[in-house]
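Engineer: Data file coords-v3.cif (mmCIF, C-alpha atoms) is appended below.
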```
data_run
#
loop_
_atom_site.label_atom_id
_atom_site.label_comp_id
_atom_site.auth_asym_id
_atom_site.auth_seq_id
_atom_site.Cartn_x
_atom_site.Cartn_y
_atom_site.Cartn_z
CA MET J 1 -142.58 -131.87 -114.43
CA PRO J 2 -143.17 -134.43 -117.19
CA TRP J 3 -140.17 -136.47 -118.20
CA ALA J 4 -140.63 -135.67 -121.91
CA SER J 5 -139.38 -132.12 -121.29
CA HIS J 6 -135.88 -133.43 -120.50
CA SER J 7 -133.46 -135.51 -122.51
CA LEU J 8 -133.03 -139.18 -121.80
CA ALA J 9 -129.32 -138.55 -121.19
CA PHE J 10 -130.11 -135.95 -118.53
CA MET J 11 -132.60 -138.22 -116.79
CA THR J 12 -130.15 -141.14 -116.92
CA GLU J 13 -127.53 -138.92 -115.31
CA LEU J 14 -129.97 -137.95 -112.53
CA VAL J 15 -131.01 -141.52 -111.83
CA GLU J 16 -127.39 -142.66 -111.70
CA LEU J 17 -126.50 -139.88 -109.26
CA GLN J 18 -129.38 -141.10 -107.10
CA HIS J 19 -128.18 -144.73 -107.37
CA TRP J 20 -131.50 -145.67 -109.01
CA ARG J 21 -133.42 -144.77 -105.82
CA CYS J 22 -136.37 -142.44 -105.38
CA PRO J 23 -135.31 -139.88 -102.75
CA TRP J 24 -138.91 -139.54 -101.51
CA CYS J 25 -139.85 -143.19 -100.83
CA GLY J 26 -136.47 -144.94 -101.05
CA ASP J 27 -137.68 -147.57 -103.53
CA ASP J 28 -135.97 -148.40 -106.82
CA LEU J 29 -136.77 -146.20 -109.80
CA PRO J 30 -137.94 -147.92 -113.00
CA GLY J 31 -135.54 -148.73 -115.81
CA SER J 32 -137.24 -146.23 -118.14
CA PRO J 33 -138.43 -142.64 -117.64
CA ARG J 34 -142.10 -143.63 -117.78
CA GLY J 35 -143.67 -143.37 -114.35
CA THR J 36 -141.09 -140.83 -113.13
CA ALA J 37 -141.09 -137.06 -112.79
CA ILE J 38 -138.46 -134.38 -112.43
CA ASP J 39 -138.88 -132.65 -109.07
CA HIS J 40 -137.56 -129.33 -107.84
CA ILE J 41 -136.08 -130.03 -104.42
CA ILE J 42 -136.70 -126.40 -103.48
CA PRO J 43 -140.15 -125.96 -105.03
CA ARG J 44 -140.40 -123.32 -107.75
CA VAL J 45 -143.37 -121.72 -105.97
CA TYR J 46 -141.02 -120.85 -103.07
CA GLY J 47 -138.28 -119.45 -105.28
CA GLY J 48 -136.48 -122.68 -106.14
CA PRO J 49 -134.47 -122.23 -109.34
CA HIS J 50 -134.65 -124.51 -112.34
CA ARG J 51 -131.00 -125.50 -111.95
CA ARG J 52 -129.42 -128.91 -112.15
CA TRP J 53 -128.48 -128.93 -108.45
CA ASN J 54 -132.16 -128.37 -107.55
CA LEU J 55 -133.54 -131.29 -109.56
CA GLN J 56 -134.18 -134.90 -108.66
CA LEU J 57 -136.03 -137.79 -110.23
CA LEU J 58 -139.01 -139.20 -108.30
CA HIS J 59 -141.76 -141.70 -109.01
CA GLN J 60 -144.74 -139.77 -110.39
CA GLU J 61 -146.80 -140.74 -107.33
CA CYS J 62 -144.02 -139.57 -105.02
CA ASN J 63 -143.75 -136.28 -106.89
CA SER J 64 -147.49 -135.77 -106.40
CA ALA J 65 -147.19 -136.67 -102.70
CA LYS J 66 -144.26 -134.29 -102.19
CA GLY J 67 -146.00 -131.48 -104.03
CA LYS J 68 -144.61 -128.17 -102.85
CA LYS J 69 -143.48 -129.35 -99.42
CA ILE J 70 -140.34 -127.82 -97.99
CA THR J 71 -138.09 -130.65 -96.82
CA ALA J 72 -134.99 -130.59 -94.64
CA GLU J 73 -132.99 -131.26 -97.80
CA ALA J 74 -134.58 -128.22 -99.46
CA LEU J 75 -133.66 -126.01 -96.49
CA GLU J 76 -130.07 -127.26 -96.50
CA LEU J 77 -129.78 -126.88 -100.28
CA ALA J 78 -131.19 -123.35 -100.13
CA ASP J 79 -128.69 -122.50 -97.42
CA ALA J 80 -125.79 -123.99 -99.41
CA HIS J 81 -126.71 -122.07 -102.59
CA GLY J 82 -127.83 -118.81 -101.00
CA VAL J 83 -131.46 -119.25 -102.07
CA THR J 84 -134.06 -117.46 -100.00
CA ILE J 85 -137.15 -119.61 -99.68
CA SER J 86 -140.01 -117.20 -99.91
CA MET J 87 -143.57 -116.85 -101.01
CA ASN J 88 -145.65 -113.76 -101.57
CA ILE J 89 -148.19 -114.27 -98.82
CA GLY J 90 -149.31 -110.67 -98.55
CA GLN J 91 -152.31 -111.50 -100.70
CA TYR J 92 -153.68 -113.97 -98.15
CA ARG J 93 -155.83 -113.26 -95.12
CA ALA J 94 -154.31 -113.09 -91.64
CA GLY J 95 -155.09 -116.70 -90.63
CA VAL J 96 -153.32 -118.07 -93.69
CA ARG J 97 -150.31 -115.79 -93.12
CA ARG J 98 -150.13 -116.98 -89.51
CA ARG J 99 -150.20 -120.64 -90.56
CA ALA J 100 -147.47 -119.96 -93.15
CA ALA J 101 -145.23 -118.46 -90.46
CA ILE J 102 -145.91 -121.38 -88.12
CA TYR J 103 -145.08 -123.85 -90.88
CA ALA J 104 -141.83 -122.01 -91.65
CA VAL J 105 -140.78 -121.98 -88.01
CA ARG J 106 -141.68 -125.65 -87.52
CA ALA J 107 -139.55 -126.53 -90.54
CA THR J 108 -136.50 -125.21 -88.68
CA ARG J 109 -136.81 -128.16 -86.27
CA GLN J 110 -135.35 -130.35 -89.02
CA LEU J 111 -132.15 -128.31 -89.22
CA GLY J 112 -129.07 -128.61 -87.13
CA GLY J 113 -126.78 -126.06 -85.56
CA GLU J 114 -125.75 -123.12 -87.66
CA ALA J 115 -128.40 -123.62 -90.37
CA ARG J 116 -131.13 -123.59 -87.70
CA ASP J 117 -129.73 -120.38 -86.21
CA ARG J 118 -129.77 -118.68 -89.62
CA ALA J 119 -133.30 -119.92 -90.34
CA LEU J 120 -134.57 -118.65 -86.99
CA ALA J 121 -132.87 -115.30 -87.53
CA ALA J 122 -134.73 -115.07 -90.83
CA ALA J 123 -137.95 -116.12 -89.08
CA ARG J 124 -137.51 -113.30 -86.55
CA ASN J 125 -137.30 -110.93 -89.51
CA LEU J 126 -140.69 -112.24 -90.66
CA THR J 127 -142.33 -110.27 -87.89
CA VAL J 128 -142.13 -107.26 -90.20
CA PHE J 129 -144.49 -109.05 -92.57
CA PHE J 130 -146.72 -110.51 -89.88
CA PRO J 131 -148.16 -107.80 -87.64
CA GLU J 132 -150.33 -110.29 -85.75
CA ARG J 133 -149.33 -110.71 -82.09
CA ARG J 134 -149.78 -114.48 -82.22
CA VAL J 135 -147.23 -114.81 -85.03
CA HIS J 136 -144.73 -112.73 -83.04
CA ALA J 137 -145.23 -115.07 -80.07
CA VAL J 138 -144.71 -118.18 -82.24
CA ILE J 139 -141.50 -116.82 -83.75
CA LYS J 140 -140.21 -115.72 -80.33
CA THR J 141 -140.83 -119.12 -78.73
CA ALA J 142 -139.25 -120.91 -81.71
CA ALA J 143 -136.20 -118.68 -81.55
CA GLU J 144 -135.86 -119.44 -77.83
CA GLY J 145 -136.11 -123.16 -78.56
CA THR J 146 -139.29 -123.63 -76.51
CA LEU J 147 -141.69 -124.75 -79.20
CA PRO J 148 -145.12 -125.64 -77.79
CA ALA J 149 -147.04 -128.71 -78.85
CA ALA J 150 -148.50 -128.43 -82.36
CA GLY J 151 -152.08 -128.03 -81.14
CA HIS J 152 -151.16 -125.06 -78.95
CA TRP J 153 -150.07 -122.73 -81.73
#
```
Written as structure tokens, that's how I'd like the structure from this file.
Structural biologist:
Amino acid sequence: MPWASHSLAFMTELVELQHWRCPWCGDDLPGSPRGTAIDHIIPRVYGGPHRRWNLQLLHQECNSAKGKKITAEALELADAHGVTISMNIGQYRAGVRRRAAIYAVRATRQLGGEARDRALAAARNLTVFFPERRVHAVIKTAAEGTLPAAGHW
């Protein structure tokens, strides 16, 4: 999101909360808004709201690199604020839906304890949307904690 759509005061507040660091690369942010971008921690495409708690300031290049990736921080933030990360994947063919389910289950590896249990419970519920046997097998093995090597999915 271009910096011009937000006030300088708002962006200054964000950068100060972040201690003048880019959360994506860890480097210092510039002293002016040029070269930065407002990022939705939980991407809008996955249901992330345009709320203050879901925004961060990144270098423009870092924002492009992050794109619509779901990070561990996004999963934790969604959990803390009761946001369901979702995407309407019914319009895609079976192979794409399968890869989306695999990606979602793999993302749970980044979580700890209770958050992981909730995410896996939600993943088990995905079987309703994914009739393919292979997706059921992936979700089952993830829920049991026996994730196979990435190339074997």
Engineer: Padding of 4 Å on every side, edges along x, y and z, all listed atoms of range 52-68 of chain J included: what centre and edge lengths in Å, to one decimal, does that box have, as AutoDock Vina command-line options?
Structural biologist:
```
--center_x -138.0 --center_y -134.9 --center_z -107.2 --size_x 27.0 --size_y 21.5 --size_z 18.0
```
Engineer: List the residues selected by the PyMOL selection byres ((chain J and resi 77) around 12) in the file shown, writing them as number ranges by chain.
Structural biologist: J: 40-43, 48-49, 51, 53-55, 70-76, 78-85, 111, 115
Engineer: Would you export the selected residues with C-alpha atoms as a CSV table (one decimal), in the frame of the given file, please?
Structural biologist:
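Output contents, as saved in out-v8.csv:
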```csv
chain,number,residue,atom,x,y,z
J,40,HIS,CA,-137.6,-129.3,-107.8
J,41,ILE,CA,-136.1,-130.0,-104.4
J,42,ILE,CA,-136.7,-126.4,-103.5
J,43,PRO,CA,-140.2,-126.0,-105.0
J,48,GLY,CA,-136.5,-122.7,-106.1
J,49,PRO,CA,-134.5,-122.2,-109.3
J,51,ARG,CA,-131.0,-125.5,-112.0
J,53,TRP,CA,-128.5,-128.9,-108.4
J,54,ASN,CA,-132.2,-128.4,-107.6
J,55,LEU,CA,-133.5,-131.3,-109.6
J,70,ILE,CA,-140.3,-127.8,-98.0
J,71,THR,CA,-138.1,-130.6,-96.8
J,72,ALA,CA,-135.0,-130.6,-94.6
J,73,GLU,CA,-133.0,-131.3,-97.8
J,74,ALA,CA,-134.6,-128.2,-99.5
J,75,LEU,CA,-133.7,-126.0,-96.5
J,76,GLU,CA,-130.1,-127.3,-96.5
J,78,ALA,CA,-131.2,-123.4,-100.1
J,79,ASP,CA,-128.7,-122.5,-97.4
J,80,ALA,CA,-125.8,-124.0,-99.4
J,81,HIS,CA,-126.7,-122.1,-102.6
J,82,GLY,CA,-127.8,-118.8,-101.0
J,83,VAL,CA,-131.5,-119.2,-102.1
J,84,THR,CA,-134.1,-117.5,-100.0
J,85,ILE,CA,-137.2,-119.6,-99.7
J,111,LEU,CA,-132.2,-128.3,-89.2
J,115,ALA,CA,-128.4,-123.6,-90.4
```
Engineer: With a distance cut-off of 6 Å and only C-alpha atoms, select the neighbouring residues of range 58-64 of chain J, excluding the residue or stretch itself and same-chain residues fewer than 3 positions from it, and output the selection as a ChimeraX atom specification.
Structural biologist: /J:22,35-37,67
Engineer: Might you pull out every residue within 9 Å of Gln18 in chain J, with all atoms listed in the file counted and same-chain residues fewer than 5 positions away left off, and present them as a list of chain:residue names?
Structural biologist: J:Glu13, J:Pro23, J:Gln56, J:Leu57
Engineer: From the options J:Ser86, J:Glu114, J:Ala65, J:Thr12, which residue's atoms come nearest to Gly47 in chain J, counting all atoms listed in the file?
Structural biologist: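 When distances to Gly47 in chain J are compared using all atoms listed in the file, the smallest one comes from J:Ser86.
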Engineer: What is the distance between CA of His19 in chain J and CA of Gly31 in chain J, in Å to one decimal?
Structural biologist: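 Result for CA of His19 in chain J versus CA of Gly31 in chain J: 11.9 Å, one decimal.
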Engineer: For the atom pair CA of Leu14 in chain J and CA of Arg52 in chain J, what is the interatomic distance in Å to one decimal place?
Structural biologist: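 Interatomic distance, CA of Leu14 in chain J to CA of Arg52 in chain J: 9.1 Å.
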Engineer: Tell me, in Å to one decimal, how far CA of Gly113 in chain J is from CA of Arg99 in chain J.
Structural biologist: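 Here the two named atoms are 24.6 Å from each other.
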Engineer: Given the choices J:Asp117, J:Ile38, J:His50, J:Arg93, which gets closest to His6 in chain J if the distance is worked out from only C-alpha atoms?
Structural biologist: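 When distances to His6 in chain J are compared using only C-alpha atoms, the smallest one comes from J:Ile38.
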Engineer: From the options J:Ala94, J:Val45, J:Pro30, J:Lys68, which residue's atoms come nearest to Met11 in chain J, counting only C-alpha atoms?
Structural biologist: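 Once distances to Met11 in chain J are computed over only C-alpha atoms, the minimum belongs to J:Pro30.
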